[in-house]
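Visitor: Got a structure for you, model20.cif, holding mmCIF, C-alpha atoms.
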data_query
loop_
_atom_site.label_atom_id
_atom_site.label_comp_id
_atom_site.auth_asym_id
_atom_site.auth_seq_id
_atom_site.Cartn_x
_atom_site.Cartn_y
_atom_site.Cartn_z
CA GLU J 174 -53.00 -18.14 67.61
CA LEU J 175 -51.67 -20.55 70.23
CA GLU J 176 -49.92 -17.75 72.11
CA ALA J 177 -53.26 -15.98 72.59
CA LYS J 178 -54.66 -18.91 74.57
CA PRO J 179 -54.42 -18.79 78.39
CA GLY J 180 -51.40 -20.63 79.75
CA SER J 181 -49.57 -20.58 76.40
CA GLY J 182 -46.21 -18.97 75.83
CA ARG J 183 -43.16 -18.92 73.59
CA GLN J 184 -39.91 -20.67 74.40
CA VAL J 185 -36.83 -19.85 72.37
CA LEU J 186 -34.50 -22.82 71.91
CA GLY J 187 -30.81 -22.29 71.31
CA PRO J 188 -28.70 -24.16 68.75
CA LEU J 189 -27.71 -27.78 69.33
CA ASP J 190 -24.24 -28.33 70.72
CA VAL J 191 -21.88 -31.24 70.01
CA ASP J 192 -23.34 -33.38 72.81
CA ASP J 193 -26.86 -32.85 71.40
CA VAL J 194 -25.62 -33.83 67.95
CA ARG J 195 -24.01 -36.96 69.38
CA GLN J 196 -27.42 -38.00 70.76
CA LEU J 197 -29.02 -37.38 67.36
CA VAL J 198 -26.35 -39.54 65.75
CA ALA J 199 -27.21 -42.42 68.08
CA ALA J 200 -30.94 -42.05 67.34
CA GLU J 201 -30.78 -41.38 63.61
CA ARG J 202 -27.97 -43.55 62.26
CA HIS J 203 -29.13 -46.74 63.99
CA GLY J 204 -25.82 -48.14 65.13
CA VAL J 205 -23.64 -46.65 62.39
CA ARG J 206 -20.72 -45.15 64.27
CA MET J 207 -19.26 -41.74 63.58
CA SER J 208 -15.97 -40.50 64.92
CA ASN J 209 -15.82 -37.54 67.29
CA GLU J 210 -14.30 -35.53 64.44
CA GLN J 211 -17.22 -36.39 62.15
CA VAL J 212 -19.75 -35.50 64.86
CA SER J 213 -18.03 -32.15 65.38
CA GLN J 214 -18.05 -31.58 61.63
CA VAL J 215 -21.80 -32.24 61.44
CA ALA J 216 -22.38 -29.84 64.35
CA GLN J 217 -20.32 -27.16 62.61
CA LEU J 218 -21.88 -27.63 59.17
CA GLY J 219 -25.38 -27.65 60.65
CA ASP J 220 -24.77 -24.49 62.64
CA GLY J 221 -26.87 -25.95 65.47
CA ASN J 222 -30.01 -26.16 63.31
CA PRO J 223 -31.80 -29.49 64.05
CA TYR J 224 -33.34 -29.79 60.57
CA VAL J 225 -30.01 -29.20 58.82
CA ILE J 226 -28.22 -31.60 61.15
CA LEU J 227 -30.77 -34.35 60.50
CA GLU J 228 -30.30 -33.90 56.74
CA LEU J 229 -26.55 -34.16 57.18
CA LEU J 230 -26.91 -37.32 59.25
CA ARG J 231 -29.12 -38.89 56.59
CA ALA J 232 -26.37 -38.38 54.02
CA PRO J 233 -23.47 -40.85 53.63
CA VAL J 234 -20.51 -39.88 55.79
CA ASP J 235 -18.31 -39.27 52.75
CA LEU J 236 -20.66 -36.47 51.64
CA LEU J 237 -19.93 -34.40 54.72
CA GLU J 238 -17.54 -31.97 53.10
CA PRO J 239 -16.64 -28.48 54.31
CA ALA J 240 -19.20 -25.83 53.35
CA ALA J 241 -18.43 -23.34 50.61
CA PRO J 242 -17.20 -19.96 51.89
CA ALA J 243 -20.01 -17.47 52.38
CA GLU J 244 -18.59 -15.13 49.75
CA ASN J 245 -18.91 -17.90 47.13
CA ARG J 246 -22.64 -18.35 47.72
CA ALA J 247 -25.24 -16.78 45.45
CA ALA J 248 -26.83 -13.67 46.88
CA ASP J 249 -30.34 -15.18 46.70
CA ASP J 250 -29.32 -18.52 48.23
CA ASP J 251 -30.82 -18.52 51.72
CA LEU J 252 -30.12 -22.19 52.40
CA LEU J 253 -27.42 -22.68 55.00
CA PRO J 254 -23.91 -23.41 53.67
CA GLY J 255 -23.51 -27.00 52.51
CA LEU J 256 -27.21 -27.92 52.89
CA GLN J 257 -28.18 -27.54 49.24
CA GLU J 258 -25.27 -29.72 48.13
CA ILE J 259 -26.09 -32.38 50.72
CA LEU J 260 -29.78 -32.40 49.71
CA SER J 261 -28.90 -32.57 46.01
CA ARG J 262 -26.60 -35.54 46.55
CA ARG J 263 -29.18 -37.35 48.68
CA ILE J 264 -31.77 -36.84 45.96
CA ASP J 265 -29.36 -37.93 43.20
CA ALA J 266 -28.63 -41.13 45.15
CA ALA J 267 -32.31 -42.15 45.00
CA SER J 268 -33.75 -44.35 42.25
CA ASP J 269 -35.18 -42.93 39.02
CA GLU J 270 -38.70 -43.71 40.26
CA VAL J 271 -38.18 -41.90 43.57
CA ARG J 272 -36.73 -38.86 41.82
CA ALA J 273 -39.70 -38.83 39.42
CA VAL J 274 -42.25 -38.81 42.24
CA LEU J 275 -40.25 -36.18 44.12
CA GLU J 276 -40.33 -33.92 41.06
CA ALA J 277 -44.08 -34.44 40.71
CA VAL J 278 -44.82 -33.72 44.36
CA SER J 279 -42.48 -30.69 44.35
CA ALA J 280 -44.71 -29.03 41.74
CA MET J 281 -47.90 -29.54 43.74
CA SER J 282 -49.45 -26.70 45.73
CA GLY J 283 -50.08 -28.94 48.75
CA PRO J 284 -50.63 -32.57 49.79
CA THR J 285 -51.48 -34.87 46.91
CA THR J 286 -52.69 -38.40 46.33
CA THR J 287 -51.11 -41.51 44.87
CA ASN J 288 -53.52 -41.35 41.91
CA VAL J 289 -52.42 -37.83 40.99
CA VAL J 290 -48.72 -38.67 41.32
CA ALA J 291 -49.21 -41.78 39.18
CA GLY J 292 -50.92 -39.69 36.52
CA VAL J 293 -48.09 -37.17 36.50
CA VAL J 294 -45.14 -39.57 36.35
CA GLY J 295 -46.80 -42.07 34.01
CA LEU J 296 -46.05 -45.13 36.13
CA GLY J 297 -48.43 -47.79 37.40
CA ARG J 298 -50.03 -47.39 40.80
CA GLN J 299 -47.94 -50.22 42.29
CA ALA J 300 -44.64 -48.68 41.13
CA VAL J 301 -45.68 -45.23 42.35
CA THR J 302 -46.78 -46.60 45.71
CA ALA J 303 -43.39 -48.30 46.15
CA ALA J 304 -41.53 -45.13 45.14
CA LEU J 305 -43.58 -42.99 47.52
CA ALA J 306 -42.95 -45.45 50.35
CA ASP J 307 -39.21 -45.27 49.62
CA ALA J 308 -39.35 -41.45 49.60
CA VAL J 309 -41.13 -41.49 52.97
CA GLU J 310 -38.57 -43.96 54.35
CA ARG J 311 -35.77 -41.65 53.20
CA ALA J 312 -37.54 -38.77 55.04
CA PHE J 313 -38.09 -36.74 51.87
CA LEU J 314 -41.88 -36.99 52.14
CA VAL J 315 -44.44 -37.39 54.91
CA GLU J 316 -47.87 -38.99 54.82
CA SER J 317 -51.11 -37.66 56.26
CA SER J 318 -54.84 -38.16 55.83
CA ARG J 319 -54.69 -35.59 52.99
CA GLY J 320 -51.96 -37.40 51.05
CA VAL J 321 -48.20 -36.98 50.71
CA GLU J 322 -46.09 -33.84 50.76
CA PHE J 323 -42.52 -32.81 51.44
CA ALA J 324 -41.37 -33.09 55.02
CA GLN J 325 -39.49 -29.79 54.72
CA GLU J 326 -39.89 -26.82 52.36
CA PRO J 327 -36.13 -26.45 51.68
CA THR J 328 -36.05 -30.01 50.32
CA ARG J 329 -39.02 -29.31 48.04
CA ARG J 330 -37.29 -26.17 46.77
CA VAL J 331 -34.08 -28.02 45.94
CA VAL J 332 -36.02 -30.60 43.92
CA TYR J 333 -38.24 -28.08 42.10
CA GLU J 334 -35.49 -25.60 41.32
CA ALA J 335 -33.38 -28.36 39.73
CA ILE J 336 -36.08 -28.89 37.06
CA ASP J 337 -35.56 -26.79 33.95
CA ALA J 338 -38.29 -24.48 32.62
CA ASN J 339 -39.51 -26.92 29.98
CA GLY J 340 -39.64 -29.70 32.54
CA ARG J 341 -41.68 -27.58 34.94
CA ARG J 342 -44.20 -26.68 32.25
CA ARG J 343 -44.49 -30.33 31.26
CA ILE J 344 -45.04 -31.45 34.87
CA HIS J 345 -47.65 -28.77 35.55
CA GLY J 346 -49.46 -29.77 32.36
CA ARG J 347 -49.56 -33.38 33.51
CA ILE J 348 -50.83 -32.23 36.90
CA VAL J 349 -53.74 -30.52 35.14
CA ASP J 350 -54.52 -33.74 33.27
CA ALA J 351 -54.42 -35.72 36.51
CA LEU J 352 -56.47 -33.25 38.55
CA VAL J 353 -59.35 -33.05 36.07
CA ARG J 354 -59.83 -36.80 36.55
CA GLU J 355 -60.00 -36.49 40.35
CA GLN J 356 -63.13 -35.95 42.43
CA GLY J 357 -63.47 -32.89 44.66
CA VAL J 358 -60.52 -30.91 43.30
CA ARG J 359 -60.86 -27.12 43.57
CA VAL J 360 -61.08 -25.52 40.14
CA SER J 361 -58.69 -22.81 41.34
CA GLN J 362 -56.06 -25.50 41.87
CA ILE J 363 -56.44 -26.70 38.28
CA ALA J 364 -56.28 -23.08 37.07
CA HIS J 365 -53.05 -22.54 39.00
CA HIS J 366 -51.29 -25.45 37.31
CA ALA J 367 -52.71 -24.63 33.87
CA TRP J 368 -51.20 -21.15 34.25
CA LEU J 369 -47.79 -22.52 35.26
CA ALA J 370 -47.96 -24.99 32.35
CA GLU J 371 -48.59 -21.99 30.05
CA GLN J 372 -51.57 -23.83 28.59
CA TRP J 373 -53.36 -20.57 27.97
CA GLN J 374 -56.69 -21.91 26.68
CA ARG J 375 -57.09 -24.14 29.72
CA ALA J 376 -55.80 -21.40 32.02
CA TYR J 377 -58.50 -19.07 30.66
CA GLN J 378 -61.17 -21.74 31.08
CA TYR J 379 -60.32 -22.69 34.64
CA HIS J 380 -59.55 -19.19 35.92
CA ALA J 381 -62.93 -18.06 34.56
CA LEU J 382 -64.62 -20.96 36.34
CA ALA J 383 -62.68 -20.19 39.52
CA ALA J 384 -63.84 -16.56 39.30
CA ASP J 385 -67.46 -17.69 39.05
CA SER J 386 -67.02 -19.98 42.06
CA ALA J 387 -65.45 -17.19 44.13
CA LEU J 388 -68.22 -14.76 43.17
CA LYS J 389 -70.87 -17.16 44.45
CA VAL J 390 -69.41 -16.88 47.98
CA ASN J 391 -68.86 -13.11 47.74
CA ALA J 392 -65.06 -13.47 47.63
CA TYR J 393 -64.69 -10.35 45.51
CA HIS J 394 -60.92 -9.95 45.74
CA THR J 395 -60.36 -13.57 44.71
CA THR J 396 -62.93 -13.16 41.94
CA ALA J 397 -61.04 -10.16 40.56
CA GLU J 398 -57.73 -12.02 40.68
CA HIS J 399 -59.12 -14.97 38.70
CA PHE J 400 -60.82 -12.70 36.14
CA ALA J 401 -57.51 -10.84 35.67
CA LYS J 402 -55.66 -14.12 35.12
CA ALA J 403 -58.36 -15.31 32.71
CA ASP J 404 -58.09 -12.05 30.75
CA GLN J 405 -54.31 -12.30 30.60
CA ALA J 406 -54.49 -15.97 29.51
CA ALA J 407 -56.92 -15.02 26.74
CA ARG J 408 -54.40 -12.48 25.45
CA SER J 409 -51.43 -14.89 25.58
#
Take the structure in this file and express it as structure tokens.
Guide:
Amino acid sequence: ELEAKPGSGRQVLGPLDVDDVRQLVAAERHGVRMSNEQVSQVAQLGDGNPYVILELLRAPVDLLEPAAPAENRAADDDLLPGLQEILSRRIDAASDEVRAVLEAVSAMSGPTTTNVVAGVVGLGRQAVTAALADAVERAFLVESSRGVEFAQEPTRRVVYEAIDANGRRRIHGRIVDALVREQGVRVSQIAHHAWLAEQWQRAYQYHALAADSALKVNAYHTTAEHFAKADQAARS
């Protein structure tokens, strides 16, 4: 869309080199020194990718271990070597409250509010606000006028994929409970989480309502999708 505007263009940026990484170290680690060997290691592990390098710099120095050989990686693992382990260790180093809010936000389909997160994790608003602020400070989450969400999709994936199937269903069920108490929430959003929670009666109810809403604005394809989900939920 931007490229179609007059005067716009695309500029391809190459990978960061060791000197670029050294500048990021000075900016990101706020006076914490790293040896030239450690800087080179970060540059190598990050493969020149600024996002990966920033995640590595946010980790304690003793976590910067050599990446696993490519042949030892799972075929469906498209995270760069070493990144998933670094992210997992950063997340594990956070408090129980921060990990709880990260799990809740990871299951959302977009930005969410403090009230919804509090409803999902079962903590008071003050405790949730403090945990969210800590998660933002640690660069896991970002804030906007629409609420909070993950700063980067790979981080969200690492958090969500670490939750077992029962845990995911439980979280999505709590999201449904929280969303029905909120004002202005799209019924399709509630239907989505009811489906993932495998709460079939509620999934039928909200997908049917979402189909009616879509039909009113002549969104026929969306209407058909919601009616199909409602039918499948009724049979489950």
Visitor: How many Å separate CA of Arg272 (chain J) from CA of Trp368 (chain J)?
Guide: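 Answer for the CA of Arg272 (chain J) to CA of Trp368 (chain J) separation: 24.1 Å.
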Visitor: Which polymer residues have any atom within 8 Å of an atom of His345 (chain J), counting only C-alpha atoms, with same-chain residues fewer than 2 positions away left out, as a ChimeraX atom specification?
Guide: /J:280,341-343,347-349,366-367,369-370
Visitor: Residue by residue, what does the PyMOL selection byres ((chain J and resi 270) around 10) grab here? Present the result as a PyMOL selection string.
Guide: chain J and resi 267-269+271-276+294+296+300-301+303-305+307-308
Visitor: Which residues come within 9 Å of Ala384 (chain J), counting all atoms listed in the file, excluding same-chain residues fewer than 6 positions away, as a PyMOL selection string?
Guide: chain J and resi 361+392-393+395-400+403
Visitor: Ranking J:Met281, J:Ala383, J:Ala216, J:Ile259 by minimum distance to Ala351 (chain J) and counting only C-alpha atoms, which one comes first?
Guide: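 Closest to Ala351 (chain J) of all the choices is J:Met281.
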Visitor: Which residues, written as a ChimeraX atom specification, have at least one atom at most 9 Å from region 192-203 of chain J, with only C-alpha atoms counted and residues fewer than 6 positions away on the same chain left out?
Guide: /J:209,212-213,215-216,221,223,226-227,230-231
Visitor: For the selection just defined, write its residues with C-alpha atoms to a file, as a tab-separated table (two decimals), in the coordinates of the input.
Guide:
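The resulting file, out.tsv, is reproduced below:
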chain	number	residue	atom	x	y	z
J	209	ASN	CA	-15.82	-37.54	67.29
J	212	VAL	CA	-19.75	-35.50	64.86
J	213	SER	CA	-18.03	-32.15	65.38
J	215	VAL	CA	-21.80	-32.24	61.44
J	216	ALA	CA	-22.38	-29.84	64.35
J	221	GLY	CA	-26.87	-25.95	65.47
J	223	PRO	CA	-31.80	-29.49	64.05
J	226	ILE	CA	-28.22	-31.60	61.15
J	227	LEU	CA	-30.77	-34.35	60.50
J	230	LEU	CA	-26.91	-37.32	59.25
J	231	ARG	CA	-29.12	-38.89	56.59
Visitor: Figure out the distance between CA of Ala406 (chain J) and CA of Ala376 (chain J), please, to one decimal in Å.
Guide: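 These atoms are spaced 6.1 Å apart.
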Visitor: Report as lines of an AutoDock Vina configuration file the centre and the edge lengths, in Å to one decimal, of the axis-aligned box holding every listed atom of region 382-395 of chain J, padded by 6 Å on each side.
Guide:
center_x = -65.6
center_y = -15.5
center_z = 42.2
size_x = 22.5
size_y = 23.0
size_z = 23.6
Visitor: List the residues selected by the PyMOL selection byres ((chain J and resi 325-339) around 10) in the file shown, writing them as a PyMOL selection string.
Guide: chain J and resi 224-225+228+251-252+256-258+260-261+264-265+272+275-281+312-315+322-324+340-344+370
Visitor: Could you please determine the separation between CA of Arg298 (chain J) and CA of Arg354 (chain J) in Å, to one decimal place?
Guide: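 Going from CA of Arg298 (chain J) over to CA of Arg354 (chain J), I get 15.0 Å.
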Visitor: Using the chain letters and numbers from the file, give me the residues hit by the PyMOL selection byres ((chain J and resi 407) around 9), as a PyMOL selection string.
Guide: chain J and resi 373-374+376-377+402-406+408-409
Visitor: Store the residues picked out above, limited to C-alpha atoms, as a PDB file, in the frame of the given file.
Guide:
ATOM      1  CA  TRP J 373     -53.360 -20.570  27.970  1.00  0.00           C
ATOM      2  CA  GLN J 374     -56.690 -21.910  26.680  1.00  0.00           C
ATOM      3  CA  ALA J 376     -55.800 -21.400  32.020  1.00  0.00           C
ATOM      4  CA  TYR J 377     -58.500 -19.070  30.660  1.00  0.00           C
ATOM      5  CA  LYS J 402     -55.660 -14.120  35.120  1.00  0.00           C
ATOM      6  CA  ALA J 403     -58.360 -15.310  32.710  1.00  0.00           C
ATOM      7  CA  ASP J 404     -58.090 -12.050  30.750  1.00  0.00           C
ATOM      8  CA  GLN J 405     -54.310 -12.300  30.600  1.00  0.00           C
ATOM      9  CA  ALA J 406     -54.490 -15.970  29.510  1.00  0.00           C
ATOM     10  CA  ARG J 408     -54.400 -12.480  25.450  1.00  0.00           C
ATOM     11  CA  SER J 409     -51.430 -14.890  25.580  1.00  0.00           C
TER      12      SER J 409
END
Visitor: Smallest atom-to-atom distance to Gly283 (chain J): which of J:Leu229, J:Val360, J:Val390, J:Val321, using only C-alpha atoms?
Guide: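 Comparing J:Leu229, J:Val360, J:Val390, J:Val321 against Gly283 (chain J), the winner is J:Val321.
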